[in-house]
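Structure file target09.tsv (TSV, C-alpha atoms and all ligand atoms) is printed below.
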```tsv
chain	number	residue	atom	x	y	z
A	1	MET	CA	-45.42	-42.01	-22.49
A	2	ALA	CA	-47.11	-38.93	-20.96
A	3	GLN	CA	-46.98	-35.77	-23.11
A	4	PRO	CA	-45.02	-32.87	-21.59
A	5	SER	CA	-47.47	-30.03	-20.88
A	6	GLN	CA	-44.88	-27.26	-21.33
A	7	PRO	CA	-42.69	-26.47	-24.33
A	8	ASP	CA	-39.04	-27.43	-23.88
A	9	PRO	CA	-36.67	-24.51	-23.09
A	10	GLN	CA	-35.56	-24.08	-26.70
A	11	LEU	CA	-39.14	-23.92	-27.98
A	12	LEU	CA	-40.09	-21.56	-25.18
A	13	GLU	CA	-37.27	-19.23	-26.14
A	14	GLN	CA	-38.45	-19.28	-29.75
A	15	ILE	CA	-42.01	-18.48	-28.63
A	16	GLU	CA	-40.73	-15.57	-26.55
A	17	ARG	CA	-38.84	-14.23	-29.57
A	18	LEU	CA	-41.91	-14.39	-31.82
A	19	ALA	CA	-44.43	-13.00	-29.34
A	20	PRO	CA	-43.67	-9.28	-29.90
A	21	GLN	CA	-44.32	-9.61	-33.63
A	22	LEU	CA	-47.67	-11.26	-32.98
A	23	ALA	CA	-48.54	-8.78	-30.23
A	24	ALA	CA	-48.01	-5.93	-32.70
A	25	ALA	CA	-50.07	-7.54	-35.47
A	26	GLN	CA	-53.30	-5.69	-36.27
A	27	ASN	CA	-54.52	-8.48	-38.47
A	28	ILE	CA	-53.96	-12.17	-37.77
A	29	ALA	CA	-55.12	-15.14	-39.82
A	30	ILE	CA	-54.97	-18.71	-38.58
A	31	SER	CA	-55.18	-21.74	-40.85
A	32	THR	CA	-55.74	-25.04	-39.06
A	33	GLY	CA	-55.83	-28.70	-40.04
A	34	ALA	CA	-56.45	-32.06	-38.42
A	35	GLY	CA	-53.41	-31.79	-36.12
A	36	VAL	CA	-55.13	-29.14	-33.99
A	37	SER	CA	-57.72	-31.76	-32.99
A	38	ALA	CA	-55.25	-34.64	-32.53
A	39	GLU	CA	-54.82	-33.98	-28.81
A	40	SER	CA	-58.62	-34.17	-28.42
A	41	GLY	CA	-58.49	-37.72	-29.78
A	42	VAL	CA	-59.68	-37.07	-33.34
A	43	PRO	CA	-57.48	-39.00	-35.78
A	44	THR	CA	-55.58	-37.04	-38.42
A	45	PHE	CA	-55.53	-38.14	-42.08
A	46	ARG	CA	-51.89	-38.71	-43.04
A	47	ASP	CA	-50.04	-39.64	-39.85
A	48	ALA	CA	-48.42	-42.99	-40.70
A	49	GLN	CA	-49.90	-45.26	-38.00
A	50	THR	CA	-53.00	-43.44	-36.80
A	51	GLY	CA	-54.11	-41.43	-39.85
A	52	LEU	CA	-57.54	-42.18	-41.34
A	53	TRP	CA	-56.16	-42.56	-44.85
A	54	ALA	CA	-53.76	-45.28	-43.63
A	55	LYS	CA	-56.78	-47.40	-42.66
A	56	TYR	CA	-59.56	-46.42	-45.05
A	57	ASP	CA	-59.87	-45.85	-48.77
A	58	PRO	CA	-60.64	-42.16	-49.38
A	59	VAL	CA	-62.00	-42.96	-52.84
A	60	MET	CA	-64.68	-45.18	-51.28
A	61	LEU	CA	-65.50	-42.98	-48.30
A	62	ALA	CA	-64.84	-39.42	-49.41
A	63	SER	CA	-65.95	-39.18	-53.01
A	64	ILE	CA	-69.25	-38.80	-54.78
A	65	ASP	CA	-68.60	-41.99	-56.77
A	66	GLY	CA	-68.07	-43.97	-53.56
A	67	PHE	CA	-71.25	-42.47	-52.10
A	68	ARG	CA	-73.33	-43.31	-55.18
A	69	ARG	CA	-71.98	-46.86	-55.11
A	70	ASP	CA	-72.68	-47.48	-51.43
A	71	PRO	CA	-74.32	-44.64	-49.48
A	72	ALA	CA	-75.01	-46.87	-46.45
A	73	THR	CA	-71.32	-47.72	-45.92
A	74	VAL	CA	-70.24	-44.12	-46.37
A	75	TRP	CA	-72.89	-42.92	-43.90
A	76	LYS	CA	-71.96	-45.61	-41.36
A	77	TRP	CA	-68.37	-44.34	-41.48
A	78	TYR	CA	-69.51	-40.72	-41.05
A	79	ASP	CA	-71.88	-41.74	-38.27
A	80	GLU	CA	-68.95	-43.41	-36.44
A	81	ARG	CA	-66.84	-40.30	-36.89
A	82	ARG	CA	-69.73	-38.15	-35.60
A	83	GLN	CA	-69.93	-40.37	-32.51
A	84	THR	CA	-66.15	-40.14	-31.95
A	85	ILE	CA	-66.25	-36.37	-32.32
A	86	ARG	CA	-69.28	-35.96	-30.06
A	87	ALA	CA	-67.49	-37.93	-27.33
A	88	VAL	CA	-64.37	-35.74	-27.31
A	89	GLU	CA	-63.70	-32.21	-26.06
A	90	PRO	CA	-61.86	-29.27	-27.59
A	91	ASN	CA	-58.27	-29.07	-26.32
A	92	ALA	CA	-56.09	-26.25	-25.03
A	93	GLY	CA	-55.13	-25.27	-28.60
A	94	HIS	CA	-58.76	-24.73	-29.66
A	95	TYR	CA	-59.45	-22.73	-26.49
A	96	ALA	CA	-56.36	-20.55	-26.98
A	97	LEU	CA	-57.52	-19.63	-30.51
A	98	ALA	CA	-61.02	-18.76	-29.27
A	99	GLN	CA	-59.56	-16.58	-26.53
A	100	TRP	CA	-57.19	-14.94	-29.01
A	101	GLU	CA	-60.08	-14.07	-31.33
A	102	GLN	CA	-61.96	-12.46	-28.44
A	103	ALA	CA	-58.92	-10.45	-27.31
A	104	TRP	CA	-58.28	-9.18	-30.85
A	105	ARG	CA	-61.96	-8.28	-31.37
A	106	ASP	CA	-62.03	-6.43	-28.03
A	107	ALA	CA	-58.98	-4.46	-29.14
A	108	GLY	CA	-60.63	-3.56	-32.48
A	109	ARG	CA	-58.18	-5.72	-34.41
A	110	THR	CA	-58.85	-8.44	-36.99
A	111	PHE	CA	-58.56	-12.16	-36.33
A	112	GLN	CA	-59.75	-14.69	-38.90
A	113	LEU	CA	-59.80	-18.41	-38.26
A	114	ILE	CA	-59.81	-20.68	-41.33
A	115	THR	CA	-60.00	-24.44	-40.89
A	116	GLN	CA	-59.95	-27.55	-43.04
A	117	ASN	CA	-61.49	-29.44	-40.15
A	118	ILE	CA	-65.09	-30.56	-40.23
A	119	ASP	CA	-65.25	-31.53	-36.53
A	120	ASP	CA	-66.72	-28.28	-35.17
A	121	LEU	CA	-64.26	-28.33	-32.22
A	122	HIS	CA	-63.24	-24.70	-32.86
A	123	GLY	CA	-66.90	-23.71	-32.60
A	124	ARG	CA	-67.38	-25.74	-29.43
A	125	ALA	CA	-64.32	-24.02	-27.93
A	126	GLY	CA	-65.96	-20.64	-28.53
A	127	SER	CA	-64.45	-19.36	-31.80
A	128	SER	CA	-67.22	-17.40	-33.46
A	129	ASP	CA	-66.00	-16.45	-36.92
A	130	ILE	CA	-64.75	-19.62	-38.62
A	131	ILE	CA	-64.32	-20.26	-42.32
A	132	GLU	CA	-64.88	-24.03	-42.60
A	133	LEU	CA	-63.29	-24.75	-45.97
A	134	HIS	CA	-64.21	-28.44	-46.07
A	135	GLY	CA	-67.67	-28.19	-44.50
A	136	ASN	CA	-68.99	-29.45	-41.19
A	137	ILE	CA	-69.73	-33.04	-40.17
A	138	TRP	CA	-72.91	-31.98	-38.33
A	139	TRP	CA	-74.42	-30.53	-41.50
A	140	VAL	CA	-76.17	-32.39	-44.33
A	141	ARG	CA	-77.77	-31.53	-47.64
A	142	PRO	CA	-79.87	-33.43	-50.19
A	143	LEU	CA	-77.72	-35.48	-52.57
A	144	HIS	CA	-79.47	-33.80	-55.48
A	145	GLY	CA	-79.84	-30.43	-53.77
A	146	THR	CA	-77.86	-27.20	-53.62
A	147	LEU	CA	-75.42	-25.81	-51.06
A	148	LEU	CA	-78.24	-23.49	-49.98
A	149	GLU	CA	-80.23	-26.47	-48.70
A	150	ALA	CA	-77.54	-27.42	-46.17
A	151	ARG	CA	-78.72	-27.70	-42.59
A	152	ARG	CA	-77.64	-29.10	-39.28
A	153	LEU	CA	-78.57	-32.66	-38.33
A	154	ASP	CA	-77.59	-33.43	-34.75
A	155	ASP	CA	-79.04	-36.98	-34.45
A	156	CYS	CA	-76.21	-39.22	-33.29
A	157	PRO	CA	-76.18	-42.11	-33.91
A	158	LEU	CA	-78.39	-41.78	-36.96
A	159	ALA	CA	-81.61	-43.81	-37.15
A	160	GLN	CA	-80.84	-44.96	-40.69
A	161	HIS	CA	-78.03	-45.01	-43.26
A	162	PRO	CA	-78.44	-42.94	-45.38
A	163	PRO	CA	-80.68	-40.47	-43.55
A	164	LEU	CA	-83.58	-39.04	-45.58
A	165	ASP	CA	-85.23	-35.63	-45.38
A	166	GLU	CA	-88.98	-34.99	-44.87
A	167	GLN	CA	-89.58	-35.47	-48.59
A	168	GLY	CA	-87.75	-38.79	-48.65
A	169	ARG	CA	-84.67	-37.39	-50.39
A	170	VAL	CA	-81.29	-39.00	-49.66
A	171	LEU	CA	-79.09	-36.72	-47.58
A	172	ARG	CA	-75.31	-36.53	-47.88
A	173	PRO	CA	-72.75	-35.09	-45.46
A	174	HIS	CA	-72.21	-31.37	-46.09
A	175	VAL	CA	-68.48	-31.86	-46.47
A	176	VAL	CA	-66.14	-31.46	-49.40
A	177	TRP	CA	-65.09	-34.74	-50.97
A	178	PHE	CA	-62.19	-35.45	-53.31
A	179	ASN	CA	-62.54	-33.68	-56.67
A	180	GLU	CA	-65.39	-31.52	-55.40
A	181	GLN	CA	-65.39	-27.73	-55.49
A	182	LEU	CA	-65.18	-25.77	-52.28
A	183	ASP	CA	-67.85	-23.18	-51.59
A	184	PRO	CA	-66.61	-20.16	-53.61
A	185	LEU	CA	-67.67	-17.69	-50.91
A	186	ASN	CA	-65.48	-19.53	-48.39
A	187	ILE	CA	-62.52	-19.56	-50.76
A	188	GLU	CA	-62.87	-15.86	-51.42
A	189	ALA	CA	-63.13	-15.03	-47.71
A	190	ALA	CA	-60.12	-17.23	-46.87
A	191	PHE	CA	-57.88	-15.73	-49.54
A	192	ASP	CA	-59.00	-12.21	-48.60
A	193	ALA	CA	-57.91	-12.96	-45.03
A	194	ALA	CA	-54.60	-14.39	-46.25
A	195	SER	CA	-53.85	-11.33	-48.35
A	196	ALA	CA	-54.78	-8.85	-45.59
A	197	CYS	CA	-53.05	-10.37	-42.56
A	198	ASP	CA	-49.77	-9.20	-41.01
A	199	VAL	CA	-49.10	-12.66	-39.58
A	200	MET	CA	-50.54	-16.06	-40.37
A	201	LEU	CA	-50.23	-19.13	-38.16
A	202	VAL	CA	-50.47	-22.46	-39.99
A	203	VAL	CA	-51.36	-25.04	-37.39
A	204	GLY	CA	-51.58	-28.83	-37.60
A	205	THR	CA	-51.81	-29.32	-41.33
A	206	SER	CA	-49.55	-31.30	-43.65
A	207	SER	CA	-50.10	-28.51	-46.22
A	208	VAL	CA	-50.68	-30.85	-49.13
A	209	VAL	CA	-54.39	-30.33	-49.89
A	210	TYR	CA	-55.23	-27.37	-52.10
A	211	PRO	CA	-56.57	-24.73	-52.09
A	212	ALA	CA	-56.00	-24.62	-48.30
A	213	ALA	CA	-52.28	-25.32	-48.82
A	214	ALA	CA	-52.03	-22.18	-50.95
A	215	LEU	CA	-53.20	-19.86	-48.15
A	216	PRO	CA	-49.79	-19.51	-46.44
A	217	LEU	CA	-48.10	-19.04	-49.83
A	218	TYR	CA	-50.59	-16.31	-50.66
A	219	ALA	CA	-50.02	-14.66	-47.26
A	220	LEU	CA	-46.23	-14.70	-47.83
A	221	ARG	CA	-46.66	-13.21	-51.26
A	222	HIS	CA	-48.69	-10.38	-49.73
A	223	GLY	CA	-45.92	-9.61	-47.24
A	224	ALA	CA	-47.14	-11.45	-44.13
A	225	ALA	CA	-44.94	-13.48	-41.83
A	226	VAL	CA	-46.13	-17.09	-41.70
A	227	ILE	CA	-45.41	-19.20	-38.63
A	228	GLU	CA	-45.94	-22.95	-38.69
A	229	VAL	CA	-47.03	-24.83	-35.55
A	230	ASN	CA	-46.51	-28.55	-36.09
A	231	PRO	CA	-44.40	-31.20	-34.37
A	232	GLN	CA	-43.30	-32.48	-37.79
A	233	PRO	CA	-41.85	-30.75	-40.85
A	234	THR	CA	-44.27	-30.28	-43.76
A	235	GLU	CA	-44.10	-29.36	-47.43
A	236	PHE	CA	-44.55	-25.74	-46.36
A	237	SER	CA	-41.82	-25.72	-43.67
A	238	PRO	CA	-38.92	-24.60	-45.92
A	239	LEU	CA	-40.86	-21.46	-46.82
A	240	ALA	CA	-42.13	-20.62	-43.33
A	241	SER	CA	-40.89	-17.49	-41.58
A	242	ALA	CA	-40.56	-19.63	-38.43
A	243	CYS	CA	-41.49	-23.15	-37.34
A	244	LEU	CA	-42.63	-23.93	-33.80
A	245	ARG	CA	-42.01	-27.66	-33.49
A	246	GLY	CA	-44.51	-28.72	-30.87
A	247	ALA	CA	-48.09	-29.87	-30.36
A	248	SER	CA	-50.63	-27.08	-30.82
A	249	GLY	CA	-52.27	-27.84	-27.46
A	250	ILE	CA	-48.94	-27.01	-25.81
A	251	VAL	CA	-47.58	-24.25	-28.07
A	252	LEU	CA	-50.71	-22.13	-28.62
A	253	PRO	CA	-51.65	-21.46	-24.96
A	254	VAL	CA	-48.06	-20.42	-24.12
A	255	LEU	CA	-47.79	-18.32	-27.27
A	256	LEU	CA	-51.09	-16.59	-26.49
A	257	GLU	CA	-50.05	-15.93	-22.91
A	258	GLN	CA	-46.84	-14.26	-24.10
A	259	VAL	CA	-48.66	-12.30	-26.80
A	260	LEU	CA	-51.31	-10.99	-24.43
A	261	GLU	CA	-48.64	-9.99	-21.91
A	262	GLN	CA	-46.78	-8.08	-24.62
A	263	SER	CA	-49.88	-6.37	-26.08
A	264	LEU	CA	-51.08	-5.25	-22.64
A	265	ARG	CA	-47.66	-3.72	-22.06
A	266	SER	CA	-47.73	-1.67	-25.30
A	301	LIG	P1	-53.10	-34.36	-42.24
A	301	LIG	O1	-53.43	-35.64	-41.57
A	301	LIG	O2	-52.66	-34.41	-43.66
A	301	LIG	O3	-51.96	-33.62	-41.43
A	301	LIG	C1	-52.03	-33.45	-40.04
A	301	LIG	C2	-50.84	-32.66	-39.59
A	301	LIG	O4	-51.00	-32.40	-38.20
A	301	LIG	C3	-49.49	-33.35	-39.77
A	301	LIG	O5	-48.59	-32.45	-40.42
A	301	LIG	C4	-49.05	-33.67	-38.35
A	301	LIG	O6	-47.63	-33.58	-38.19
A	301	LIG	C5	-49.73	-32.56	-37.59
A	301	LIG	N1	-49.99	-32.84	-36.17
A	301	LIG	C6	-50.21	-34.03	-35.56
A	301	LIG	N2	-50.44	-33.86	-34.25
A	301	LIG	C7	-50.36	-32.53	-34.02
A	301	LIG	C8	-50.51	-31.71	-32.86
A	301	LIG	N3	-50.78	-32.23	-31.66
A	301	LIG	N4	-50.37	-30.37	-33.00
A	301	LIG	C9	-50.10	-29.82	-34.21
A	301	LIG	N5	-49.95	-30.54	-35.33
A	301	LIG	C10	-50.08	-31.87	-35.25
A	301	LIG	O7	-54.36	-33.38	-42.05
A	301	LIG	P2	-54.76	-32.07	-42.89
A	301	LIG	O8	-53.55	-31.34	-43.35
A	301	LIG	O9	-55.73	-31.33	-42.06
A	301	LIG	O10	-59.84	-33.20	-46.54
A	301	LIG	O11	-55.49	-32.72	-44.11
A	301	LIG	C11	-56.07	-31.88	-45.06
A	301	LIG	C12	-57.27	-32.52	-45.67
A	301	LIG	O12	-56.93	-33.83	-46.15
A	301	LIG	C13	-58.41	-32.77	-44.71
A	301	LIG	O13	-59.20	-31.63	-44.46
A	301	LIG	C14	-59.18	-33.83	-45.43
A	301	LIG	C15	-58.05	-34.72	-45.89
A	301	LIG	O14	-58.28	-35.47	-47.04
A	301	LIG	C16	-61.07	-33.58	-46.90
A	301	LIG	O15	-61.65	-34.50	-46.35
A	301	LIG	C17	-61.62	-32.79	-48.03
```

Produce structure tokens that represent the structure in this file.
Amino acid sequence: MAQPSQPDPQLLEQIERLAPQLAAAQNIAISTGAGVSAESGVPTFRDAQTGLWAKYDPVMLASIDGFRRDPATVWKWYDERRQTIRAVEPNAGHYALAQWEQAWRDAGRTFQLITQNIDDLHGRAGSSDIIELHGNIWWVRPLHGTLLEARRLDDCPLAQHPPLDEQGRVLRPHVVWFNEQLDPLNIEAAFDAASACDVMLVVGTSSVVYPAAALPLYALRHGAAVIEVNPQPTEFSPLASACLRGASGIVLPVLLEQVLEQSLRS
């Protein structure tokens, strides 16, 4: 069935009610998850039929133990995901967030995008200041190296699994796997943004993976309003200041349009 490209009247009315609050916000933080890329054709993780973790074992494919056991299989899976991601385009939700960032910067206001996604679609849509909490699928680092040795590797498909660097060292994806620490600088920047914002939008995440899932809680505790954009209820929904129940590619462009109209008026 074709997706409607406009919010239904009830959702539209809710967007219109929230727009003035967002238009008045000096400082906005956005926290996104896999759902923001779903309309581009990138599978999410926990959706029952289509989610990656319904089909694949995360312990095998997204853990250091799985990688040590079978680096070739892990890299083949990442190489396939890289090819899927390369073949798709950012959607209207990504573009709305990039445009929003630009508008807020131009007005001397603060707009911080934080994402759990590794697909780089926010960057391709034009967002410039992105905290990528879980890394980036186009980046690699030596298995026995440091975070400082991370660099971009655009080859797609890869010539070999695993790829090696110039010194013959095995490279791993520069992404965060289960039970691994996030980059502390990213965590600090994300929580600073959550504590400073007037409004946070939580978009397309099931809000179950920490520390990202703590960002909206932290924002609430610091007095921000937190609005969820997600077609489905999540663990965070009962605490949200408001829930916009729609796809981000439909909700965000309409929300931005309303917000820009309101802020130009004031
Ligand atoms: P999930 O797959 O857990 O959740 C995706 C969310 O997006 C769900 O709540 C869906 O309802 C929602 N969704 C689906 N389509 C949408 C749309 N068009 N617009 C808006 N929302 C939509 O993905 P994440 O919460 O991002 O971590 O998962 C968090 C982390 O778990 C990932 O970063 C990954 C995974 O394990 C690592 O790999 C470290």

* Could you tell me how far atom C1 of ligand LIG 301 (chain A) lies from atom CA of Glu228 of chain A, in Å and to one decimal? =>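 Computing the Euclidean distance for atom C1 of ligand LIG 301 (chain A) and atom CA of Glu228 of chain A yields 12.2 Å.
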
Using all atoms listed in the file, which residues of chain A come within 9 Å of ligand LIG 301 (chain A), and what is the closest atom pair for each, with the distance in Å to one decimal? Give it as a tab-separated table, sorted by chain and residue number.
```
residue	atom	partner	partner_atom	distance
A:Thr32	CA	A:LIG301	O9	7.0
A:Gly33	CA	A:LIG301	O9	3.3
A:Ala34	CA	A:LIG301	O9	3.8
A:Gly35	CA	A:LIG301	O4	3.2
A:Val36	CA	A:LIG301	N4	5.0
A:Ser37	CA	A:LIG301	N3	7.1
A:Ala38	CA	A:LIG301	N3	5.2
A:Glu39	CA	A:LIG301	N3	5.2
A:Ser40	CA	A:LIG301	N3	8.7
A:Pro43	CA	A:LIG301	O1	7.8
A:Thr44	CA	A:LIG301	O1	4.1
A:Phe45	CA	A:LIG301	O1	3.3
A:Arg46	CA	A:LIG301	O1	3.7
A:Asp47	CA	A:LIG301	O1	5.5
A:Ala48	CA	A:LIG301	O1	8.9
A:Gly51	CA	A:LIG301	O1	6.1
A:Leu52	CA	A:LIG301	O1	7.7
A:Trp53	CA	A:LIG301	O14	7.7
A:Pro58	CA	A:LIG301	O14	7.5
A:Ala62	CA	A:LIG301	O15	6.6
A:Gly93	CA	A:LIG301	N4	8.2
A:Thr115	CA	A:LIG301	O13	8.1
A:Gln116	CA	A:LIG301	O13	4.4
A:Asn117	CA	A:LIG301	O13	5.3
A:Ile118	CA	A:LIG301	O13	7.3
A:Leu133	CA	A:LIG301	O13	8.1
A:His134	CA	A:LIG301	C17	5.4
A:Gly135	CA	A:LIG301	C17	8.4
A:Val175	CA	A:LIG301	C17	7.1
A:Val176	CA	A:LIG301	C17	4.9
A:Trp177	CA	A:LIG301	C17	4.9
A:Phe178	CA	A:LIG301	C17	5.9
A:Asn179	CA	A:LIG301	C17	8.7
A:Glu180	CA	A:LIG301	C17	8.4
A:Leu182	CA	A:LIG301	C17	8.9
A:Val203	CA	A:LIG301	C9	5.9
A:Gly204	CA	A:LIG301	N5	3.3
A:Thr205	CA	A:LIG301	O8	3.3
A:Ser206	CA	A:LIG301	O5	3.6
A:Ser207	CA	A:LIG301	O8	5.3
A:Val208	CA	A:LIG301	O8	6.5
A:Val209	CA	A:LIG301	C11	5.3
A:Tyr210	CA	A:LIG301	C11	8.4
A:Ala212	CA	A:LIG301	C11	8.0
A:Ala213	CA	A:LIG301	O8	8.2
A:Val229	CA	A:LIG301	C9	6.0
A:Asn230	CA	A:LIG301	N5	4.0
A:Pro231	CA	A:LIG301	O6	5.5
A:Gln232	CA	A:LIG301	O6	4.5
A:Pro233	CA	A:LIG301	O6	7.0
A:Thr234	CA	A:LIG301	O5	5.9
A:Glu235	CA	A:LIG301	O5	8.9
A:Arg245	CA	A:LIG301	C9	8.4
A:Gly246	CA	A:LIG301	N4	6.4
A:Ala247	CA	A:LIG301	N4	3.5
A:Ser248	CA	A:LIG301	N4	4.0
A:Gly249	CA	A:LIG301	N3	6.3
A:Ile250	CA	A:LIG301	N3	8.1
A:Val251	CA	A:LIG301	N4	8.3
```

Near-Arg141 of chain A list (12 Å; only C-alpha atoms; drop same-chain fewer than 3 positions) as a compact mmCIF listing (two decimals) with C-alpha atoms, in the coordinates of the input:
```txt
# COMPACT_ATOMS: atom_id res chain seq x y z
CA GLY A 135 -67.67 -28.19 -44.50
CA ASN A 136 -68.99 -29.45 -41.19
CA ILE A 137 -69.73 -33.04 -40.17
CA TRP A 138 -72.91 -31.98 -38.33
CA HIS A 144 -79.47 -33.80 -55.48
CA GLY A 145 -79.84 -30.43 -53.77
CA THR A 146 -77.86 -27.20 -53.62
CA LEU A 147 -75.42 -25.81 -51.06
CA LEU A 148 -78.24 -23.49 -49.98
CA GLU A 149 -80.23 -26.47 -48.70
CA ALA A 150 -77.54 -27.42 -46.17
CA ARG A 151 -78.72 -27.70 -42.59
CA ARG A 152 -77.64 -29.10 -39.28
CA LEU A 153 -78.57 -32.66 -38.33
CA PRO A 162 -78.44 -42.94 -45.38
CA PRO A 163 -80.68 -40.47 -43.55
CA LEU A 164 -83.58 -39.04 -45.58
CA ASP A 165 -85.23 -35.63 -45.38
CA ARG A 169 -84.67 -37.39 -50.39
CA VAL A 170 -81.29 -39.00 -49.66
CA LEU A 171 -79.09 -36.72 -47.58
CA ARG A 172 -75.31 -36.53 -47.88
CA PRO A 173 -72.75 -35.09 -45.46
CA HIS A 174 -72.21 -31.37 -46.09
CA VAL A 175 -68.48 -31.86 -46.47
CA VAL A 176 -66.14 -31.46 -49.40
```

* Would you list the contacts of segment 66-73 of chain A as a ChimeraX atom specification, taking every protein, DNA or RNA residue within 6 Å and counting only C-alpha atoms, but skipping same-chain residues closer than 3 positions in sequence? => /A:60-61,63,76,161-162

* Structure fact -> The residue from A:Thr110, A:Gln26, A:Ser31, A:Gln14 with the smallest atom-to-atom distance to Met200 of chain A, counting all atoms listed in the file, is A:Ser31

* **Residue with smallest distance to Arg221 of chain A - pool A:Gln181, A:Ser195, A:Gln160, A:Gln83, counting all atoms listed in the file** =>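 Among the listed residues, the smallest separation from Arg221 of chain A belongs to A:Ser195.
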
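The two atoms in question, atom CA of Pro7 of chain A and atom CA of Ala225 of chain A, are spaced 21.9 Å apart.
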
* Selected residue of minimal separation from Leu215 of chain A among A:Ser263, A:Ala24, A:Ile114, A:Thr84, counting all atoms listed in the file ->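 Answer, going by the shortest atom-to-atom distance: A:Ile114.
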
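One distance worth recording is that between atom CA of Ala96 of chain A and atom CA of Pro216 of chain A, which is 20.6 Å.
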
Would you tabulate, counting all atoms listed in the file, all residues of segment 68-124 of chain A that have an atom at most 10 Å from an atom of segment 255-261 of chain A, showing the closest pair of atoms and their distance in Å to one decimal, sorted by chain then ascending number, as CSV?
```
residue,atom,partner,partner_atom,distance
A:Gly93,CA,A:Leu256,CA,9.8
A:Ala96,CA,A:Leu256,CA,6.6
A:Leu97,CA,A:Leu256,CA,8.2
A:Gln99,CA,A:Leu256,CA,8.5
A:Trp100,CA,A:Leu256,CA,6.8
A:Ala103,CA,A:Leu260,CA,8.2
A:Trp104,CA,A:Leu260,CA,9.6
```

* Asked: Closest to Ala242 of chain A among A:Ala219, A:Val202, A:Pro184, A:Ile64, using only C-alpha atoms?
  -> A:Val202

* Asked: Of the residues A:Tyr95, A:Phe111, A:Phe236, A:Trp77, which is the one nearest to Val199 of chain A, using all atoms listed in the file?
  ->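 Among A:Tyr95, A:Phe111, A:Phe236, A:Trp77, it is A:Phe111 that comes nearest to Val199 of chain A.
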
* From the set A:Leu143, A:Cys156, A:Ala25, A:Ile131, which residue has the shortest atom-to-atom contact distance to Asp65 of chain A, counting only C-alpha atoms? ->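 Among A:Leu143, A:Cys156, A:Ala25, A:Ile131, it is A:Leu143 that comes nearest to Asp65 of chain A.
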
* Leu113 of chain A environment, 10 Å, only C-alpha atoms, sequence neighbours closer than 3 positions dropped, as an NGL selection string -> :A and (28-32 or 97-98 or 101 or 122 or 127-132 or 190 or 193 or 200-201)
